[in-house]
Amino acid sequence: MKNIRIIRNIIKALSSHQDAAAVEVLERLGTNSDEDEIRRLTSKALVARNTHESLSLVILEKGKGINDMSTSVAMSTINELLALKDKSEAMKILSDTEELHSEEEIRDTARSVKTLMLFS
Amino acid sequence: MDKLSINNIPKNFFRNAPQKIEAHQSNPFGVSFKGNVLTSDVFETKREIKQSSNLIERASRKSKMLSSVVVGSINEFSSAVGRRLNSVISFGNRIRENVSGLWNQAKNIEITFDMANIGNVLKSKLSQNMPAIVDKYSVKSLTKLPVGDLEEMLVARLAKI
C-alpha cells in the first residue's frame, strides 16, 4: 500500500517536473507497465502535463494511445482530458488527428473525444 | 454485750433510703423521674431562692468575665487586623516598586519579531524532530529531484509490485 502511494507520487512528480525528459521516463516505464493501475496513473499524468509531446503520446501513439488502451484506462484518460482547464492544445491535436491521421480507427476515436470535449 | 436477735434489728433497717429529689431538676408538670413522681412544690424552696440569687451573682460575675474576654479579644482582633493590614500595605508597596522597576526596564527594551527566521528555525526543528511529518516521498519533495533520480526510484518501486 505504501509502495503504490510512493509510485503514485513519483508519477505525479514527473507529471509536474520542469524537465521535458520526464515525458520519456513516463512513456518508457509507465505506458509499458503490465499493471493496469500504473498505465492509468501514467496516462493521467501525461494528460495533466498538458504539453504537445505528452498529449500526442496519449492520443496518437500506436499501442499506447487512447485507441489501444483498456476500457478503464481509456475512460480515465478521457475524463482527465475533459477535466483540463486549458483544452486548447488537446483540441488542436485532436483536430489534426481527425483530419490528417492515416488510420481511420484513430481518426474516429479522435473525433469522438473532440466531440465530448466540445460539449463538456 | 447484747445478744443479736431479729427483734433488736430496727424495722426500718432493710428499708431503702429515701431517694433524694434533686432540687435543680426542673419538672413543672409533675411527671415521673427515675420512678418518683415529682410535685410542683419541690421547686418552691428557700434553697432554690438562694440558688437563684446565687445564679444572678454568678451570672453577673460571668457576664463581667465574658465582657472582659470580649474586650480582650476585640483588642487582640484589632491588633491582629492592624498587623495584617500593615503586612498587606507593605506587600503592596513592594509590588508597586517591583512593577515600576519592571516598567522602567520594559521601556528600555526593544522587541523585534523576525518571522522569516522563526519560520526557518521551525522548519529545521520540525525536520530534525519529526522526520515523518516532512515526507521525503511527498510530490512536492519529489518534484525537486532530478528526473534521473525519479526514474531510478520508479524502477525500484515498480520492481516491488
# chains A, B, ... in the order shown; residues from 1 in each chain; ligands from 1
>>> interface_residues(of="chain A", to="chain B", cutoff="12 Å", atoms="only C-alpha atoms", output="number ranges by chain")
A: 1-30, 32-35, 37-39, 42
>>> write_last_selection(atoms="C-alpha atoms", output="compact mmCIF listing (two decimals), in the first residue's frame")
# COMPACT_ATOMS: atom_id res chain seq x y z
CA MET A 1 0.00 0.00 0.00
CA LYS A 2 2.82 2.36 0.89
CA ASN A 3 4.66 1.31 -2.27
CA ILE A 4 1.77 2.23 -4.57
CA ARG A 5 1.44 5.58 -2.79
CA ILE A 6 5.10 6.32 -3.46
CA ILE A 7 4.77 5.22 -7.10
CA ARG A 8 1.73 7.49 -7.49
CA ASN A 9 3.69 10.39 -6.02
CA ILE A 10 6.71 9.75 -8.28
CA ILE A 11 4.45 9.71 -11.35
CA LYS A 12 2.76 12.93 -10.20
CA ALA A 13 6.16 14.49 -9.63
CA LEU A 14 7.22 13.51 -13.15
CA SER A 15 3.95 14.98 -14.44
CA SER A 16 4.71 18.40 -12.99
CA HIS A 17 8.51 18.27 -13.42
CA GLN A 18 10.08 21.13 -15.34
CA ASP A 19 12.47 18.80 -17.19
CA ALA A 20 10.98 17.65 -20.53
CA ALA A 21 12.77 14.33 -20.11
CA ALA A 22 10.08 13.38 -17.60
CA VAL A 23 7.74 12.52 -20.53
CA GLU A 24 10.24 9.97 -21.84
CA VAL A 25 10.50 8.36 -18.41
CA LEU A 26 6.72 8.15 -18.13
CA GLU A 27 6.50 6.64 -21.62
CA ARG A 28 9.27 4.15 -21.02
CA LEU A 29 8.24 2.98 -17.53
CA GLY A 30 4.56 3.83 -17.23
CA ASN A 32 4.73 -0.15 -20.92
CA SER A 33 3.83 -1.41 -17.47
CA ASP A 34 2.00 -4.69 -17.06
CA GLU A 35 -0.12 -3.18 -14.30
CA GLU A 37 -3.19 0.85 -12.42
CA ILE A 38 0.29 2.05 -13.41
CA ARG A 39 -0.81 2.64 -17.01
CA THR A 42 0.75 7.34 -16.28
>>> atom_distance(atom1="atom CA of Leu41 of chain A", atom2="atom CA of Leu81 of chain A")
13.4 Å
>>> atom_distance(atom1="atom CA of Thr71 of chain A", atom2="atom CA of Arg107 of chain A")
17.9 Å
>>> residues_around(residues="Ala74 of chain A", least_positions_apart="2", cutoff="10 Å", atoms="only C-alpha atoms", output="PyMOL selection string")
chain A and resi 39-40+43-44+58+65-72+76-80
>>> write_last_selection(atoms="N, CA and C atoms", output="PDB file, in the first residue's frame")
ATOM      1  N   ARG A  39      -0.499   2.031 -15.703  1.00  0.00           N
ATOM      2  CA  ARG A  39      -0.810   2.643 -17.008  1.00  0.00           C
ATOM      3  C   ARG A  39      -1.844   3.757 -16.852  1.00  0.00           C
ATOM      4  N   ARG A  40      -2.821   3.526 -15.991  1.00  0.00           N
ATOM      5  CA  ARG A  40      -3.868   4.540 -15.753  1.00  0.00           C
ATOM      6  C   ARG A  40      -3.253   5.796 -15.145  1.00  0.00           C
ATOM      7  N   SER A  43      -1.077   7.616 -17.859  1.00  0.00           N
ATOM      8  CA  SER A  43      -1.826   8.380 -18.873  1.00  0.00           C
ATOM      9  C   SER A  43      -2.447   9.639 -18.269  1.00  0.00           C
ATOM     10  N   LYS A  44      -2.921   9.522 -17.030  1.00  0.00           N
ATOM     11  CA  LYS A  44      -3.451  10.710 -16.338  1.00  0.00           C
ATOM     12  C   LYS A  44      -2.370  11.767 -16.153  1.00  0.00           C
ATOM     13  N   VAL A  58      -0.469  10.284 -25.649  1.00  0.00           N
ATOM     14  CA  VAL A  58      -1.710   9.688 -25.143  1.00  0.00           C
ATOM     15  C   VAL A  58      -2.744   9.537 -26.256  1.00  0.00           C
ATOM     16  N   GLY A  65      -1.778   4.859 -27.164  1.00  0.00           N
ATOM     17  CA  GLY A  65      -2.796   5.914 -27.148  1.00  0.00           C
ATOM     18  C   GLY A  65      -4.160   5.412 -26.710  1.00  0.00           C
ATOM     19  N   ILE A  66      -5.132   6.321 -26.696  1.00  0.00           N
ATOM     20  CA  ILE A  66      -6.496   6.005 -26.245  1.00  0.00           C
ATOM     21  C   ILE A  66      -7.066   4.815 -27.004  1.00  0.00           C
ATOM     22  N   ASN A  67      -6.767   4.753 -28.291  1.00  0.00           N
ATOM     23  CA  ASN A  67      -7.343   3.709 -29.147  1.00  0.00           C
ATOM     24  C   ASN A  67      -6.912   2.300 -28.745  1.00  0.00           C
ATOM     25  N   ASP A  68      -5.739   2.224 -28.165  1.00  0.00           N
ATOM     26  CA  ASP A  68      -5.206   0.898 -27.811  1.00  0.00           C
ATOM     27  C   ASP A  68      -5.241   0.631 -26.300  1.00  0.00           C
ATOM     28  N   MET A  69      -5.802   1.524 -25.565  1.00  0.00           N
ATOM     29  CA  MET A  69      -5.859   1.335 -24.111  1.00  0.00           C
ATOM     30  C   MET A  69      -6.990   0.392 -23.731  1.00  0.00           C
ATOM     31  N   SER A  70      -6.869  -0.185 -22.535  1.00  0.00           N
ATOM     32  CA  SER A  70      -8.005  -0.955 -21.999  1.00  0.00           C
ATOM     33  C   SER A  70      -9.144   0.021 -21.695  1.00  0.00           C
ATOM     34  N   THR A  71     -10.331  -0.512 -21.551  1.00  0.00           N
ATOM     35  CA  THR A  71     -11.513   0.350 -21.389  1.00  0.00           C
ATOM     36  C   THR A  71     -11.381   1.276 -20.180  1.00  0.00           C
ATOM     37  N   SER A  72     -10.979   0.699 -19.040  1.00  0.00           N
ATOM     38  CA  SER A  72     -10.901   1.508 -17.807  1.00  0.00           C
ATOM     39  C   SER A  72      -9.839   2.592 -17.927  1.00  0.00           C
ATOM     40  N   SER A  76     -10.564   6.670 -18.036  1.00  0.00           N
ATOM     41  CA  SER A  76      -9.862   7.538 -17.091  1.00  0.00           C
ATOM     42  C   SER A  76      -9.109   8.651 -17.832  1.00  0.00           C
ATOM     43  N   THR A  77      -8.513   8.295 -18.953  1.00  0.00           N
ATOM     44  CA  THR A  77      -7.755   9.287 -19.728  1.00  0.00           C
ATOM     45  C   THR A  77      -8.688  10.332 -20.332  1.00  0.00           C
ATOM     46  N   ILE A  78      -9.833   9.869 -20.861  1.00  0.00           N
ATOM     47  CA  ILE A  78     -10.806  10.811 -21.435  1.00  0.00           C
ATOM     48  C   ILE A  78     -11.351  11.743 -20.352  1.00  0.00           C
ATOM     49  N   ASN A  79     -11.629  11.191 -19.183  1.00  0.00           N
ATOM     50  CA  ASN A  79     -12.082  12.034 -18.061  1.00  0.00           C
ATOM     51  C   ASN A  79     -11.053  13.100 -17.734  1.00  0.00           C
ATOM     52  N   GLU A  80      -9.785  12.718 -17.753  1.00  0.00           N
ATOM     53  CA  GLU A  80      -8.713  13.676 -17.461  1.00  0.00           C
ATOM     54  C   GLU A  80      -8.649  14.758 -18.539  1.00  0.00           C
TER      55      GLU A  80
END
>>> atom_distance(atom1="atom CA of Glu97 of chain B", atom2="atom CA of Ser79 of chain B")
26.8 Å
>>> residues_around(residues="segment 109-114 of chain A", least_positions_apart="4", cutoff="10 Å", atoms="only C-alpha atoms", output="PyMOL selection string")
chain A and resi 59-60+66-67+78-79+81-82+90-99+101+104-105+118-120
>>> closest_residue(among="A:Leu57, A:Ala45, A:His52, A:Thr31", to="Lys87 of chain A", atoms="only C-alpha atoms")
A:His52
>>> select_by_dssp(residues="chain A", states="alpha helix (DSSP H)", output="mmCIF file with C-alpha atoms, in the first residue's frame")
data_model
loop_
_atom_site.group_PDB
_atom_site.id
_atom_site.type_symbol
_atom_site.label_atom_id
_atom_site.label_comp_id
_atom_site.auth_asym_id
_atom_site.auth_seq_id
_atom_site.Cartn_x
_atom_site.Cartn_y
_atom_site.Cartn_z
ATOM 1 C CA LYS A 2 2.816 2.360 0.890
ATOM 2 C CA ASN A 3 4.663 1.314 -2.267
ATOM 3 C CA ILE A 4 1.771 2.231 -4.572
ATOM 4 C CA ARG A 5 1.438 5.582 -2.786
ATOM 5 C CA ILE A 6 5.097 6.319 -3.455
ATOM 6 C CA ILE A 7 4.768 5.225 -7.104
ATOM 7 C CA ARG A 8 1.734 7.489 -7.486
ATOM 8 C CA ASN A 9 3.689 10.393 -6.019
ATOM 9 C CA ILE A 10 6.708 9.750 -8.283
ATOM 10 C CA ILE A 11 4.449 9.711 -11.348
ATOM 11 C CA LYS A 12 2.755 12.933 -10.203
ATOM 12 C CA ALA A 13 6.162 14.492 -9.630
ATOM 13 C CA LEU A 14 7.216 13.514 -13.155
ATOM 14 C CA SER A 15 3.951 14.982 -14.440
ATOM 15 C CA ALA A 21 12.767 14.331 -20.114
ATOM 16 C CA ALA A 22 10.080 13.383 -17.599
ATOM 17 C CA VAL A 23 7.742 12.523 -20.529
ATOM 18 C CA GLU A 24 10.239 9.973 -21.842
ATOM 19 C CA VAL A 25 10.501 8.358 -18.407
ATOM 20 C CA ASP A 36 -3.355 -1.547 -15.386
ATOM 21 C CA GLU A 37 -3.186 0.851 -12.419
ATOM 22 C CA ILE A 38 0.293 2.052 -13.412
ATOM 23 C CA ARG A 39 -0.810 2.643 -17.008
ATOM 24 C CA ARG A 40 -3.868 4.540 -15.753
ATOM 25 C CA LEU A 41 -1.752 6.732 -13.476
ATOM 26 C CA THR A 42 0.754 7.335 -16.282
ATOM 27 C CA SER A 43 -1.826 8.380 -18.873
ATOM 28 C CA LYS A 44 -3.451 10.710 -16.338
ATOM 29 C CA ALA A 45 -0.062 12.204 -15.583
ATOM 30 C CA LEU A 46 0.681 12.714 -19.277
ATOM 31 C CA VAL A 47 -2.668 14.462 -19.833
ATOM 32 C CA ALA A 48 -2.185 16.609 -16.737
ATOM 33 C CA ARG A 49 1.220 17.686 -18.022
ATOM 34 C CA HIS A 52 2.255 18.776 -27.092
ATOM 35 C CA GLU A 53 4.574 15.819 -26.509
ATOM 36 C CA SER A 54 2.658 14.309 -23.613
ATOM 37 C CA LEU A 55 -0.792 14.744 -25.231
ATOM 38 C CA SER A 56 0.422 13.376 -28.585
ATOM 39 C CA LEU A 57 1.667 10.298 -26.801
ATOM 40 C CA VAL A 58 -1.710 9.688 -25.143
ATOM 41 C CA ILE A 59 -3.861 10.484 -28.177
ATOM 42 C CA THR A 71 -11.513 0.350 -21.389
ATOM 43 C CA SER A 72 -10.901 1.508 -17.807
ATOM 44 C CA VAL A 73 -7.630 3.258 -18.670
ATOM 45 C CA ALA A 74 -9.171 4.869 -21.781
ATOM 46 C CA MET A 75 -12.157 6.173 -19.774
ATOM 47 C CA SER A 76 -9.862 7.538 -17.091
ATOM 48 C CA THR A 77 -7.755 9.287 -19.728
ATOM 49 C CA ILE A 78 -10.806 10.811 -21.435
ATOM 50 C CA ASN A 79 -12.082 12.034 -18.061
ATOM 51 C CA GLU A 80 -8.713 13.676 -17.461
ATOM 52 C CA LEU A 81 -8.878 15.341 -20.882
ATOM 53 C CA LEU A 82 -12.379 16.649 -20.124
ATOM 54 C CA SER A 88 -6.523 24.331 -26.438
ATOM 55 C CA GLU A 89 -3.522 22.059 -27.038
ATOM 56 C CA ALA A 90 -5.607 18.882 -26.731
ATOM 57 C CA MET A 91 -8.231 20.242 -29.138
ATOM 58 C CA LYS A 92 -5.543 21.168 -31.652
ATOM 59 C CA ILE A 93 -4.004 17.682 -31.568
ATOM 60 C CA LEU A 94 -7.449 16.029 -31.826
ATOM 61 C CA SER A 95 -8.399 18.226 -34.808
ATOM 62 C CA ASP A 96 -5.133 17.458 -36.589
ATOM 63 C CA THR A 97 -5.562 13.733 -35.889
ATOM 64 C CA GLU A 98 -9.175 13.808 -37.108
ATOM 65 C CA GLU A 99 -8.130 15.377 -40.392
ATOM 66 C CA LEU A 100 -4.650 14.080 -41.074
ATOM 67 C CA GLU A 104 -9.427 5.598 -39.862
ATOM 68 C CA GLU A 105 -9.902 3.985 -36.464
ATOM 69 C CA ILE A 106 -7.670 6.593 -34.807
ATOM 70 C CA ARG A 107 -9.427 9.398 -36.713
ATOM 71 C CA ASP A 108 -12.825 8.126 -35.430
ATOM 72 C CA THR A 109 -11.583 7.942 -31.856
ATOM 73 C CA ALA A 110 -10.137 11.451 -32.072
ATOM 74 C CA ARG A 111 -13.451 12.754 -33.475
ATOM 75 C CA SER A 112 -15.421 11.179 -30.623
ATOM 76 C CA VAL A 113 -13.130 12.573 -27.953
ATOM 77 C CA LYS A 114 -13.158 16.006 -29.586
ATOM 78 C CA THR A 115 -16.984 15.999 -29.614
ATOM 79 C CA LEU A 116 -17.042 15.083 -25.932
ATOM 80 C CA MET A 117 -14.617 17.898 -25.148
ATOM 81 C CA LEU A 118 -16.670 20.388 -27.134
ATOM 82 C CA PHE A 119 -19.784 19.583 -25.100
#
